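Beneath this line is the structure, given in structure tokens, with notes to follow.
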Amino acid sequence: MRPQSTYRGRFAPSPSGYLHFGSLITALASFLDAKKNNGTWLVRLEDIDPPREKKGASAHILKTLAAFGLHWDENILYQSKQTDYYQHIIEQLFKEQYCYYCQCTRAQIKAIGGIYQGHCRHLNLDKNHSAIRVINQIQIDQYSDLIQGKIQCDKALAREDFIIRRKDGLFAYQLAVVADDIYQNISHVIRGCDLLEPTTRQLSFYQLLSDKAFRHVLWSAQDESHVSKHLQAPVFGHIPLAITEQGYKLSKQNKAPAIDIQKPQPALFAALQFLGQQPPIDLKHLNVDEIIQWAIAHWQLESVPKKQEIQLT
């Protein structure tokens, strides 16, 4: 665990749509935990998948956060501006023989059980129409979560060599999220339970990038005021997912409605209830800043329900 004084949290939405109630829960929990611990809270826009982006979503996300009193402490980081940094990491991975080109399709992998078996690892394929996979030699399959306790993930999935750049040339989530958590020296990540299993891959990738062979790539990209010479993975805490009566997770893919930025108080109050914070009923009649100040003062991470899903009523 890192000292409280070095707490650096973040909220990292993708601009594939506007923020919905599930997004608000995640943003609020991340923000409150940072502020309660006298930490810094950052916002990062994961805009590295242009085909999935909704026009104007990035600006609307930032406008929504501000309307709900969730003010970030440093400049916004746009992942679309990080491509040279990601590419340098991949080049170093190839230099150290930690990755390779792969031409296996999703259909082929699904046909063999859904877990990639390393088919292309020793084929020495060229880069034409190929994805890039990292050799997952660390293979972490369990970790301690701040909210959910001990997490044990599927061992076969934990052993899988995962994609860090897609066949279409776009950088994959697993590469970008770890690279940017290092870049911003993130110490704590509070997010949804849909990312419980991917966390094992990210912890494995952290371990790989802690090799001294990558230090010059990572440190040269960082803001020197935040650089840590001892690479350490963040501490993770996963909050329950908000699901509908039909069992669907609130998400942009499922067309969850955007939250109302004109009347943020009801949604803020409901989010605090969802997170187990027991806000007093008269809180919903206060202004946004007053609600946020109450929430920071009374925030208790241990009160967040230890469930992976909660149905909305």
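Labels for the structure tokens follow display order: chains A, B, ..., residues from 1 in each chain, ligands from 1.
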Closest atom pairs, region 55-132 of chain A residues within 7 Å of region 156-170 of chain A, only C-alpha atoms, as a tab-separated table:
residue	atom	partner	partner_atom	distance
A:Ile115	CA	A:Leu157	CA	6.5
A:Tyr116	CA	A:Glu160	CA	6.0
A:Gln117	CA	A:Glu160	CA	6.9
A:Gly118	CA	A:Asp161	CA	6.7
A:His129	CA	A:Lys167	CA	5.5
A:Ser130	CA	A:Lys167	CA	4.9
A:Ala131	CA	A:Lys167	CA	4.2
A:Ile132	CA	A:Arg165	CA	5.1
Those selected residues, please, written with N, CA and C atoms and delivered as a PDB file, in the first residue's frame.
ATOM      1  N   ILE A 115     -10.354 -19.691 -25.490  1.00  0.00           N
ATOM      2  CA  ILE A 115      -9.080 -19.247 -24.923  1.00  0.00           C
ATOM      3  C   ILE A 115      -7.972 -19.452 -25.954  1.00  0.00           C
ATOM      4  N   TYR A 116      -7.261 -18.387 -26.267  1.00  0.00           N
ATOM      5  CA  TYR A 116      -6.161 -18.475 -27.228  1.00  0.00           C
ATOM      6  C   TYR A 116      -5.047 -19.358 -26.664  1.00  0.00           C
ATOM      7  N   GLN A 117      -4.532 -20.262 -27.502  1.00  0.00           N
ATOM      8  CA  GLN A 117      -3.574 -21.270 -27.044  1.00  0.00           C
ATOM      9  C   GLN A 117      -2.130 -21.008 -27.480  1.00  0.00           C
ATOM     10  N   GLY A 118      -1.841 -19.790 -27.962  1.00  0.00           N
ATOM     11  CA  GLY A 118      -0.461 -19.482 -28.343  1.00  0.00           C
ATOM     12  C   GLY A 118      -0.061 -20.005 -29.704  1.00  0.00           C
ATOM     13  N   HIS A 129      -1.716  -7.370 -41.720  1.00  0.00           N
ATOM     14  CA  HIS A 129      -3.035  -7.835 -41.276  1.00  0.00           C
ATOM     15  C   HIS A 129      -2.952  -8.689 -40.003  1.00  0.00           C
ATOM     16  N   SER A 130      -2.007  -8.384 -39.153  1.00  0.00           N
ATOM     17  CA  SER A 130      -1.830  -9.171 -37.932  1.00  0.00           C
ATOM     18  C   SER A 130      -2.041  -8.310 -36.693  1.00  0.00           C
ATOM     19  N   ALA A 131      -2.595  -8.939 -35.664  1.00  0.00           N
ATOM     20  CA  ALA A 131      -2.636  -8.313 -34.348  1.00  0.00           C
ATOM     21  C   ALA A 131      -1.300  -8.567 -33.659  1.00  0.00           C
ATOM     22  N   ILE A 132      -1.076  -7.872 -32.545  1.00  0.00           N
ATOM     23  CA  ILE A 132       0.129  -8.102 -31.751  1.00  0.00           C
ATOM     24  C   ILE A 132      -0.304  -8.605 -30.385  1.00  0.00           C
TER      25      ILE A 132
END
Give one line per residue of region 89-146 of chain A that approaches region 197-200 of chain A to at most 9 Å, naming the two atoms of the closest pair and their distance in Å to one decimal, counting only C-alpha atoms; sort by chain then ascending residue number and deliver it as a Markdown table.
| residue | atom | partner | partner_atom | distance |
| --- | --- | --- | --- | --- |
| A:Gln139 | CA | A:Thr200 | CA | 7.9 |
| A:Ile140 | CA | A:Thr200 | CA | 5.6 |
| A:Asp141 | CA | A:Thr200 | CA | 5.7 |
| A:Gln142 | CA | A:Thr200 | CA | 6.7 |
| A:Tyr143 | CA | A:Thr200 | CA | 7.4 |
Write out the residues from the selection above, keeping N, CA and C atoms, as a PDB file, in the first residue's frame.
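This went into again.pdb:
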ATOM      1  N   GLN A 139       1.450 -14.210 -15.606  1.00  0.00           N
ATOM      2  CA  GLN A 139       0.265 -15.041 -15.361  1.00  0.00           C
ATOM      3  C   GLN A 139      -0.283 -14.928 -13.931  1.00  0.00           C
ATOM      4  N   ILE A 140      -0.674 -13.712 -13.569  1.00  0.00           N
ATOM      5  CA  ILE A 140      -1.325 -13.482 -12.277  1.00  0.00           C
ATOM      6  C   ILE A 140      -2.800 -13.861 -12.397  1.00  0.00           C
ATOM      7  N   ASP A 141      -3.294 -14.705 -11.497  1.00  0.00           N
ATOM      8  CA  ASP A 141      -4.700 -15.112 -11.566  1.00  0.00           C
ATOM      9  C   ASP A 141      -5.496 -14.754 -10.307  1.00  0.00           C
ATOM     10  N   GLN A 142      -4.870 -14.050  -9.357  1.00  0.00           N
ATOM     11  CA  GLN A 142      -5.596 -13.619  -8.169  1.00  0.00           C
ATOM     12  C   GLN A 142      -4.971 -12.346  -7.601  1.00  0.00           C
ATOM     13  N   TYR A 143      -5.787 -11.608  -6.869  1.00  0.00           N
ATOM     14  CA  TYR A 143      -5.312 -10.378  -6.240  1.00  0.00           C
ATOM     15  C   TYR A 143      -6.284  -9.987  -5.141  1.00  0.00           C
TER      16      TYR A 143
END
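Among the candidate residues A:Cys99, A:Val177, A:Ile186, A:Ile243, the one lying nearest to Phe21 (chain A) is A:Ile243, with distances computed using only C-alpha atoms.
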### Task
Show which residues sit within 12 Å of Gln293 (chain A), as number ranges by chain. Count only C-alpha atoms, and ignore same-chain residues fewer than 4 positions away.
A: 31-32, 35-36, 68-70, 279, 283, 286-289, 297-299
### Task
Might you pull out every residue within 9 Å of Leu62 (chain A), with only C-alpha atoms counted and same-chain residues fewer than 5 positions away left off, and present them as JSON, numbers by chain?
{"A": [43, 57, 67]}
### Task
Would you mind reading off the distance between CA of Leu209 (chain A) and CA of Leu45 (chain A), one decimal, in Å?
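Here the two named atoms are 22.6 Å from each other.
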### Close residues, Asn38 (chain A) itself excluded, 10 Å, only C-alpha atoms, min 3 positions apart in chain, as a PyMOL selection string
chain A and resi 4-8+32-35+41
